[in-house]
file protein12.pdb (PDB, C-alpha atoms, pLDDT in the B column)
ATOM      1  CA  ALA A 274      92.853 117.282 108.482  1.00 79.00           C
ATOM      2  CA  GLU A 275      92.605 120.811 109.882  1.00 89.00           C
ATOM      3  CA  PRO A 276      95.826 122.387 111.204  1.00 88.00           C
ATOM      4  CA  ALA A 277      93.823 124.661 113.498  1.00 93.00           C
ATOM      5  CA  ALA A 278      92.136 121.640 115.085  1.00 94.00           C
ATOM      6  CA  ARG A 279      95.529 120.027 115.658  1.00 92.00           C
ATOM      7  CA  LEU A 280      96.782 123.174 117.363  1.00 90.00           C
ATOM      8  CA  ARG A 281      93.700 123.209 119.606  1.00 95.00           C
ATOM      9  CA  LEU A 282      94.337 119.561 120.473  1.00 95.00           C
ATOM     10  CA  ARG A 283      97.979 120.305 121.259  1.00 93.00           C
ATOM     11  CA  ALA A 284      96.964 123.193 123.532  1.00 94.00           C
ATOM     12  CA  GLU A 285      94.467 120.952 125.343  1.00 96.00           C
ATOM     13  CA  LEU A 286      97.071 118.213 125.767  1.00 95.00           C
ATOM     14  CA  SER A 287      99.557 120.750 127.151  1.00 93.00           C
ATOM     15  CA  ALA A 288      96.965 122.154 129.545  1.00 95.00           C
ATOM     16  CA  ARG A 289      96.487 118.643 130.934  1.00 96.00           C
ATOM     17  CA  GLY A 290     100.216 117.912 131.149  1.00 95.00           C
ATOM     18  CA  LEU A 291     100.079 115.372 128.323  1.00 96.00           C
ATOM     19  CA  GLU A 292     102.233 115.081 125.236  1.00 95.00           C
ATOM     20  CA  VAL A 293     102.265 113.104 122.023  1.00 96.00           C
ATOM     21  CA  VAL A 294     105.661 112.054 120.674  1.00 96.00           C
ATOM     22  CA  THR A 295     104.756 108.892 118.784  1.00 97.00           C
ATOM     23  CA  LEU A 296     101.902 107.438 116.758  1.00 96.00           C
ATOM     24  CA  ASN A 297     100.982 103.892 115.825  1.00 93.00           C
ATOM     25  CA  GLY A 298     100.629 104.088 112.056  1.00 93.00           C
ATOM     26  CA  PHE A 299     100.185 100.353 111.574  1.00 86.00           C
ATOM     27  CA  PRO A 300      96.379 100.402 111.691  1.00 83.00           C
ATOM     28  CA  TYR A 301      94.763 102.081 108.724  1.00 82.00           C
ATOM     29  CA  ALA A 302      91.035 101.619 109.294  1.00 71.00           C
ATOM     30  CA  ALA A 303      88.706  99.360 111.256  1.00 63.00           C
ATOM     31  CA  PHE A 304      91.575  98.091 113.418  1.00 60.00           C
ATOM     32  CA  GLN A 305      89.110  97.489 116.241  1.00 62.00           C
ATOM     33  CA  ALA A 306      86.542  95.782 114.017  1.00 61.00           C
ATOM     34  CA  PRO A 307      85.211  92.421 115.284  1.00 60.00           C
ATOM     35  CA  VAL A 308      87.062  90.590 112.504  1.00 56.00           C
ATOM     36  CA  VAL A 309      90.302  92.224 111.397  1.00 55.00           C
ATOM     37  CA  LYS A 310      92.542  89.344 110.310  1.00 62.00           C
ATOM     38  CA  GLY A 311      94.481  90.017 107.097  1.00 67.00           C
ATOM     39  CA  ASP A 312      92.740  93.330 106.451  1.00 72.00           C
ATOM     40  CA  VAL A 313      95.054  95.000 108.955  1.00 76.00           C
ATOM     41  CA  TYR A 314      97.920  94.641 106.459  1.00 82.00           C
ATOM     42  CA  HIS A 315      96.131  96.663 103.782  1.00 86.00           C
ATOM     43  CA  PRO A 316      96.951  99.014 102.298  1.00 94.00           C
ATOM     44  CA  ASP A 317     100.577  97.913 102.335  1.00 94.00           C
ATOM     45  CA  TRP A 318     103.751  99.682 101.203  1.00 96.00           C
ATOM     46  CA  THR A 319     103.138  98.845  97.547  1.00 96.00           C
ATOM     47  CA  THR A 320     100.219 101.296  97.500  1.00 96.00           C
ATOM     48  CA  PRO A 321     100.107 105.088  97.324  1.00 97.00           C
ATOM     49  CA  ASP A 322      97.427 104.991 100.055  1.00 96.00           C
ATOM     50  CA  ARG A 323      99.875 103.739 102.715  1.00 97.00           C
ATOM     51  CA  LEU A 324     102.361 106.439 101.730  1.00 98.00           C
ATOM     52  CA  ALA A 325      99.769 109.233 101.851  1.00 97.00           C
ATOM     53  CA  TYR A 326      98.372 107.972 105.164  1.00 96.00           C
ATOM     54  CA  THR A 327     101.795 107.858 106.809  1.00 97.00           C
ATOM     55  CA  LEU A 328     102.788 111.308 105.558  1.00 98.00           C
ATOM     56  CA  ASN A 329      99.483 112.685 106.893  1.00 96.00           C
ATOM     57  CA  LEU A 330     100.319 111.141 110.271  1.00 96.00           C
ATOM     58  CA  ALA A 331     103.749 112.799 110.111  1.00 98.00           C
ATOM     59  CA  ARG A 332     102.153 116.223 109.541  1.00 96.00           C
ATOM     60  CA  ILE A 333      99.743 115.644 112.416  1.00 96.00           C
ATOM     61  CA  LEU A 334     102.531 114.505 114.733  1.00 97.00           C
ATOM     62  CA  ALA A 335     104.717 117.475 113.785  1.00 96.00           C
ATOM     63  CA  ASP A 336     101.915 119.773 114.990  1.00 94.00           C
ATOM     64  CA  LEU A 337     101.333 117.786 118.190  1.00 95.00           C
ATOM     65  CA  LEU A 338     104.956 117.423 119.321  1.00 95.00           C
ATOM     66  CA  PRO A 339     105.855 119.415 122.430  1.00 92.00           C
ATOM     67  CA  ASP A 340     108.320 122.270 121.923  1.00 90.00           C
ATOM     68  CA  ASP A 341     111.169 120.432 123.647  1.00 92.00           C
ATOM     69  CA  ALA A 342     110.813 117.184 121.674  1.00 92.00           C
ATOM     70  CA  ALA A 343     113.857 116.522 119.493  1.00 89.00           C
ATOM     71  CA  ARG A 344     111.823 114.319 117.142  1.00 95.00           C
ATOM     72  CA  GLY A 345     108.741 112.170 116.832  1.00 98.00           C
ATOM     73  CA  SER A 346     108.192 108.623 115.637  1.00 98.00           C
ATOM     74  CA  ILE A 347     105.576 106.589 113.802  1.00 98.00           C
ATOM     75  CA  SER A 348     105.463 102.804 113.671  1.00 96.00           C
ATOM     76  CA  THR A 349     104.171 101.063 110.570  1.00 96.00           C
ATOM     77  CA  LEU A 350     103.681  97.626 109.095  1.00 93.00           C
ATOM     78  CA  PRO A 351     106.706  95.687 107.845  1.00 93.00           C
ATOM     79  CA  LEU A 352     106.152  96.365 104.142  1.00 94.00           C
ATOM     80  CA  ALA A 353     103.410  93.795 103.508  1.00 94.00           C
ATOM     81  CA  TRP A 354     101.970  90.416 104.301  1.00 90.00           C
ATOM     82  CA  ARG A 355     104.490  87.882 102.987  1.00 88.00           C
ATOM     83  CA  ASP A 356     102.246  86.405 100.305  1.00 87.00           C
ATOM     84  CA  PRO A 357     101.913  87.369  97.498  1.00 87.00           C
ATOM     85  CA  TRP A 358     105.326  88.972  97.031  1.00 90.00           C
ATOM     86  CA  ASP A 359     107.500  89.211  93.963  1.00 93.00           C
ATOM     87  CA  ALA A 360     110.226  91.373  92.458  1.00 94.00           C
ATOM     88  CA  GLY A 361     107.718  93.869  91.067  1.00 95.00           C
ATOM     89  CA  ARG A 362     106.040  94.419  94.424  1.00 93.00           C
ATOM     90  CA  ALA A 363     109.460  94.688  96.077  1.00 93.00           C
ATOM     91  CA  ALA A 364     110.565  97.376  93.621  1.00 95.00           C
ATOM     92  CA  THR A 365     107.318  99.305  94.141  1.00 96.00           C
ATOM     93  CA  ALA A 366     107.650  99.111  97.937  1.00 95.00           C
ATOM     94  CA  HIS A 367     111.218 100.407  97.809  1.00 94.00           C
ATOM     95  CA  GLU A 368     110.110 103.305  95.598  1.00 96.00           C
ATOM     96  CA  ARG A 369     107.450 104.108  98.212  1.00 97.00           C
ATOM     97  CA  LEU A 370     110.105 104.089 100.953  1.00 97.00           C
ATOM     98  CA  ASP A 371     112.187 106.563  98.953  1.00 97.00           C
ATOM     99  CA  GLN A 372     109.053 108.711  98.529  1.00 98.00           C
ATOM    100  CA  LEU A 373     108.358 108.402 102.261  1.00 98.00           C
ATOM    101  CA  ALA A 374     111.867 109.601 103.153  1.00 98.00           C
ATOM    102  CA  ALA A 375     111.508 112.534 100.756  1.00 98.00           C
ATOM    103  CA  GLY A 376     108.084 113.375 102.193  1.00 98.00           C
ATOM    104  CA  LEU A 377     109.419 113.257 105.759  1.00 98.00           C
ATOM    105  CA  ALA A 378     112.249 115.595 104.722  1.00 98.00           C
ATOM    106  CA  GLU A 379     109.608 117.964 103.345  1.00 98.00           C
ATOM    107  CA  VAL A 380     107.646 117.815 106.614  1.00 97.00           C
ATOM    108  CA  GLU A 381     110.855 118.682 108.463  1.00 97.00           C
ATOM    109  CA  ARG A 382     111.586 121.593 106.092  1.00 97.00           C
ATOM    110  CA  ASP A 383     108.031 122.903 106.490  1.00 96.00           C
ATOM    111  CA  THR A 384     107.720 122.474 110.270  1.00 95.00           C
ATOM    112  CA  GLY A 385     111.246 122.248 111.651  1.00 95.00           C
ATOM    113  CA  ARG A 386     110.203 118.938 113.260  1.00 96.00           C
ATOM    114  CA  ARG A 387     111.933 115.627 112.478  1.00 97.00           C
ATOM    115  CA  ILE A 388     109.594 112.666 112.217  1.00 98.00           C
ATOM    116  CA  ARG A 389     110.991 109.154 111.783  1.00 98.00           C
ATOM    117  CA  VAL A 390     109.144 106.003 110.714  1.00 98.00           C
ATOM    118  CA  GLY A 391     109.913 102.548 112.118  1.00 97.00           C
ATOM    119  CA  PHE A 392     108.935  99.351 110.325  1.00 96.00           C
ATOM    120  CA  GLU A 393     107.695  96.829 112.881  1.00 94.00           C
ATOM    121  CA  PRO A 394     108.631  93.187 112.206  1.00 93.00           C
ATOM    122  CA  GLU A 395     105.625  90.962 112.758  1.00 90.00           C
ATOM    123  CA  PRO A 396     104.874  87.258 112.338  1.00 87.00           C
ATOM    124  CA  GLY A 397     103.352  86.414 108.957  1.00 87.00           C
ATOM    125  CA  CYS A 398     104.696  89.513 107.277  1.00 90.00           C
ATOM    126  CA  LEU A 399     107.458  89.985 104.781  1.00 90.00           C
ATOM    127  CA  VAL A 400     109.678  91.199 107.621  1.00 92.00           C
ATOM    128  CA  GLU A 401     109.154  88.956 110.652  1.00 91.00           C
ATOM    129  CA  SER A 402     112.441  89.399 112.502  1.00 93.00           C
ATOM    130  CA  THR A 403     115.420  91.686 112.898  1.00 94.00           C
ATOM    131  CA  LYS A 404     117.378  89.308 110.647  1.00 93.00           C
ATOM    132  CA  GLN A 405     114.800  89.837 107.892  1.00 93.00           C
ATOM    133  CA  SER A 406     114.851  93.571 108.676  1.00 94.00           C
ATOM    134  CA  THR A 407     118.528  93.702 107.834  1.00 93.00           C
ATOM    135  CA  ALA A 408     117.911  91.873 104.550  1.00 91.00           C
ATOM    136  CA  MET A 409     114.759  93.706 103.437  1.00 90.00           C
ATOM    137  CA  LEU A 410     115.277  97.225 104.806  1.00 92.00           C
ATOM    138  CA  SER A 411     118.983  97.852 104.275  1.00 87.00           C
ATOM    139  CA  GLY A 412     119.652 100.621 101.804  1.00 89.00           C
ATOM    140  CA  MET A 413     116.794 102.867 102.881  1.00 92.00           C
ATOM    141  CA  ASP A 414     117.251 106.411 104.227  1.00 95.00           C
ATOM    142  CA  THR A 415     118.290 105.695 107.818  1.00 95.00           C
ATOM    143  CA  ASP A 416     118.083 109.359 108.824  1.00 95.00           C
ATOM    144  CA  ARG A 417     114.306 109.120 108.629  1.00 97.00           C
ATOM    145  CA  LEU A 418     113.510 105.393 108.430  1.00 97.00           C
ATOM    146  CA  GLY A 419     114.381 102.506 110.715  1.00 96.00           C
ATOM    147  CA  VAL A 420     112.911  99.688 112.753  1.00 97.00           C
ATOM    148  CA  CYS A 421     110.293  99.564 115.476  1.00 96.00           C
ATOM    149  CA  VAL A 422     111.373  96.945 118.019  1.00 95.00           C
ATOM    150  CA  ASP A 423     108.453  95.310 119.810  1.00 91.00           C
ATOM    151  CA  LEU A 424     109.528  92.922 122.570  1.00 90.00           C
ATOM    152  CA  ALA A 425     106.460  90.724 122.091  1.00 89.00           C
ATOM    153  CA  HIS A 426     107.323  90.309 118.420  1.00 86.00           C
ATOM    154  CA  LEU A 427     110.957  89.557 119.282  1.00 88.00           C
ATOM    155  CA  ALA A 428     109.704  86.787 121.561  1.00 87.00           C
ATOM    156  CA  CYS A 429     107.465  85.385 118.804  1.00 86.00           C
ATOM    157  CA  ALA A 430     110.505  85.212 116.527  1.00 86.00           C
ATOM    158  CA  TRP A 431     112.626  83.641 119.301  1.00 91.00           C
ATOM    159  CA  GLU A 432     115.071  86.548 119.208  1.00 93.00           C
ATOM    160  CA  GLU A 433     117.183  87.599 122.166  1.00 94.00           C
ATOM    161  CA  PRO A 434     116.789  91.384 122.616  1.00 95.00           C
ATOM    162  CA  ALA A 435     120.520  92.157 122.987  1.00 95.00           C
ATOM    163  CA  GLU A 436     121.387  90.090 119.905  1.00 95.00           C
ATOM    164  CA  ALA A 437     118.548  91.649 117.908  1.00 95.00           C
ATOM    165  CA  LEU A 438     119.688  95.172 118.776  1.00 96.00           C
ATOM    166  CA  ALA A 439     123.302  94.314 117.948  1.00 96.00           C
ATOM    167  CA  ARG A 440     122.188  92.878 114.582  1.00 95.00           C
ATOM    168  CA  LEU A 441     120.345  96.098 113.727  1.00 96.00           C
ATOM    169  CA  ARG A 442     123.261  98.254 114.866  1.00 96.00           C
ATOM    170  CA  THR A 443     125.735  96.233 112.773  1.00 96.00           C
ATOM    171  CA  ALA A 444     123.461  96.608 109.725  1.00 95.00           C
ATOM    172  CA  GLY A 445     123.228 100.363 110.315  1.00 95.00           C
ATOM    173  CA  LEU A 446     119.463 100.233 110.873  1.00 96.00           C
ATOM    174  CA  PRO A 447     118.368 102.611 113.636  1.00 96.00           C
ATOM    175  CA  VAL A 448     115.775 101.703 116.224  1.00 97.00           C
ATOM    176  CA  VAL A 449     113.204 104.441 115.717  1.00 96.00           C
ATOM    177  CA  LYS A 450     110.711 103.166 118.273  1.00 94.00           C
TER     178      LYS A 450
END

call {"tool": "encode", "arguments": {"input": "protein12.pdb", "output": "structure tokens"}}
result
Amino acid sequence: AEPAARLRLRAELSARGLEVVTLNGFPYAAFQAPVVKGDVYHPDWTTPDRLAYTLNLARILADLLPDDAARGSISTLPLAWRDPWDAGRAATAHERLDQLAAGLAEVERDTGRRIRVGFEPEPGCLVESTKQSTAMLSGMDTDRLGVCVDLAHLACAWEEPAEALARLRTAGLPVVK
């Protein structure tokens, strides 16, 4: 939470020849708890908590990026667990994505650092595959938002990597991570 602490961390990382260019923003809390199960998908993108958390990560990452990094990235959950889902939740989630893009633009204006967020398709979630990514995520701000491609998740969805990447490219969805 303290910018001065982040700058000290960045200096220590630099002194050790380490750099941070990406963060895993999927876990919110207690990700390493003995029983995580469905709790890992909360808060989801229908809540203001997920938005605030991700924008805080963007501010942290902007301070930690090395000077020569063109941009940073954050991966996040694919909107929500698939059930329950309805038109109201979908509309709320898309409003949050618009707010996220605006917040990332503000971080860039304030810091000069571009941070992008990638939604990571995962089994059991609203977005499980790159095909669902193209259906559910099209229309969002692709300058700041895109997809996180995880090869293990592609395998779970029986997707061929080259075809999955071509599908995303055709839909105009960037691979952020």

call {"tool": "residues_around", "arguments": {"input": "protein12.pdb", "residues": "stretch 439-444 of chain A", "least_positions_apart": "2", "cutoff": "12 Å", "atoms": "only C-alpha atoms", "output": "PyMOL selection string"}}
result
chain A and resi 402-413+415+419-422+432-437+446-449

call {"tool": "closest_residue", "arguments": {"input": "protein12.pdb", "among": "A:Arg332, A:Arg279, A:Arg344, A:His367", "to": "A:Asp383", "atoms": "only C-alpha atoms"}}
result
A:Arg332

call {"tool": "residues_around", "arguments": {"input": "protein12.pdb", "residues": "A:Leu352", "least_positions_apart": "2", "cutoff": "12 Å", "atoms": "only C-alpha atoms", "output": "tab-separated table (two decimals) with C-alpha atoms, in the coordinates of the input"}}
result
chain	number	residue	atom	x	y	z
A	299	PHE	CA	100.18	100.35	111.57
A	314	TYR	CA	97.92	94.64	106.46
A	315	HIS	CA	96.13	96.66	103.78
A	316	PRO	CA	96.95	99.01	102.30
A	317	ASP	CA	100.58	97.91	102.34
A	318	TRP	CA	103.75	99.68	101.20
A	319	THR	CA	103.14	98.84	97.55
A	320	THR	CA	100.22	101.30	97.50
A	323	ARG	CA	99.88	103.74	102.72
A	324	LEU	CA	102.36	106.44	101.73
A	348	SER	CA	105.46	102.80	113.67
A	349	THR	CA	104.17	101.06	110.57
A	350	LEU	CA	103.68	97.63	109.10
A	354	TRP	CA	101.97	90.42	104.30
A	355	ARG	CA	104.49	87.88	102.99
A	356	ASP	CA	102.25	86.40	100.30
A	357	PRO	CA	101.91	87.37	97.50
A	358	TRP	CA	105.33	88.97	97.03
A	362	ARG	CA	106.04	94.42	94.42
A	363	ALA	CA	109.46	94.69	96.08
A	364	ALA	CA	110.56	97.38	93.62
A	365	THR	CA	107.32	99.30	94.14
A	366	ALA	CA	107.65	99.11	97.94
A	367	HIS	CA	111.22	100.41	97.81
A	368	GLU	CA	110.11	103.30	95.60
A	369	ARG	CA	107.45	104.11	98.21
A	370	LEU	CA	110.10	104.09	100.95
A	391	GLY	CA	109.91	102.55	112.12
A	392	PHE	CA	108.94	99.35	110.32
A	393	GLU	CA	107.70	96.83	112.88
A	394	PRO	CA	108.63	93.19	112.21
A	395	GLU	CA	105.62	90.96	112.76
A	397	GLY	CA	103.35	86.41	108.96
A	398	CYS	CA	104.70	89.51	107.28
A	399	LEU	CA	107.46	89.98	104.78
A	400	VAL	CA	109.68	91.20	107.62
A	401	GLU	CA	109.15	88.96	110.65
A	405	GLN	CA	114.80	89.84	107.89
A	406	SER	CA	114.85	93.57	108.68
A	409	MET	CA	114.76	93.71	103.44
A	410	LEU	CA	115.28	97.22	104.81
A	420	VAL	CA	112.91	99.69	112.75

call {"tool": "atom_distance", "arguments": {"input": "protein12.pdb", "atom1": "atom CA of A:Arg386", "atom2": "atom CA of A:Lys450"}}
result
16.6 Å

call {"tool": "closest_residue", "arguments": {"input": "protein12.pdb", "among": "A:Leu427, A:Ala302, A:Leu291, A:Ala335", "to": "A:Ile347", "atoms": "all atoms listed in the file"}}
result
A:Ala335

call {"tool": "resolve_selection", "arguments": {"input": "protein12.pdb", "expression": "the PyMOL selection byres ((chain A and resi 330) around 10)", "output": "mmCIF file with C-alpha atoms, in the coordinates of the input"}}
result
data_model
loop_
_atom_site.group_PDB
_atom_site.id
_atom_site.type_symbol
_atom_site.label_atom_id
_atom_site.label_comp_id
_atom_site.auth_asym_id
_atom_site.auth_seq_id
_atom_site.Cartn_x
_atom_site.Cartn_y
_atom_site.Cartn_z
ATOM 1 C CA ALA A 274 92.853 117.282 108.482
ATOM 2 C CA THR A 295 104.756 108.892 118.784
ATOM 3 C CA LEU A 296 101.902 107.438 116.758
ATOM 4 C CA ASN A 297 100.982 103.892 115.825
ATOM 5 C CA GLY A 298 100.629 104.088 112.056
ATOM 6 C CA LEU A 324 102.361 106.439 101.730
ATOM 7 C CA ALA A 325 99.769 109.233 101.851
ATOM 8 C CA TYR A 326 98.372 107.972 105.164
ATOM 9 C CA THR A 327 101.795 107.858 106.809
ATOM 10 C CA LEU A 328 102.788 111.308 105.558
ATOM 11 C CA ASN A 329 99.483 112.685 106.893
ATOM 12 C CA ALA A 331 103.749 112.799 110.111
ATOM 13 C CA ARG A 332 102.153 116.223 109.541
ATOM 14 C CA ILE A 333 99.743 115.644 112.416
ATOM 15 C CA LEU A 334 102.531 114.505 114.733
ATOM 16 C CA ALA A 335 104.717 117.475 113.785
ATOM 17 C CA ASP A 336 101.915 119.773 114.990
ATOM 18 C CA SER A 346 108.192 108.623 115.637
ATOM 19 C CA ILE A 347 105.576 106.589 113.802
ATOM 20 C CA ILE A 388 109.594 112.666 112.217
#

call {"tool": "residues_around", "arguments": {"input": "protein12.pdb", "residues": "stretch 284-286 of chain A", "least_positions_apart": "5", "cutoff": "12 Å", "atoms": "only C-alpha atoms", "output": "PyMOL selection string"}}
result
chain A and resi 277-279+291-294+336-340

call {"tool": "atom_distance", "arguments": {"input": "protein12.pdb", "atom1": "atom CA of A:Asp414", "atom2": "atom CA of A:Leu373"}}
result
9.3 Å

call {"tool": "atom_distance", "arguments": {"input": "protein12.pdb", "atom1": "atom CA of A:Ala374", "atom2": "atom CA of A:Asp416"}}
result
8.4 Å

call {"tool": "closest_residue", "arguments": {"input": "protein12.pdb", "among": "A:Leu377, A:Asp423, A:Ala353, A:Ala288", "to": "A:Asp312", "atoms": "all atoms listed in the file"}}
result
A:Ala353

call {"tool": "closest_residue", "arguments": {"input": "protein12.pdb", "among": "A:Ala428, A:Ala360, A:Leu418, A:Ala342", "to": "A:Gln372", "atoms": "all atoms listed in the file"}}
result
A:Leu418

call {"tool": "axis_aligned_box", "arguments": {"input": "protein12.pdb", "around": "stretch 378-390 of chain A", "padding_each_side": "8 Å", "output": "JSON"}}
result
{"center_x": 109.9, "center_y": 114.5, "center_z": 108.3, "size_x": 20.6, "size_y": 32.9, "size_z": 25.9}
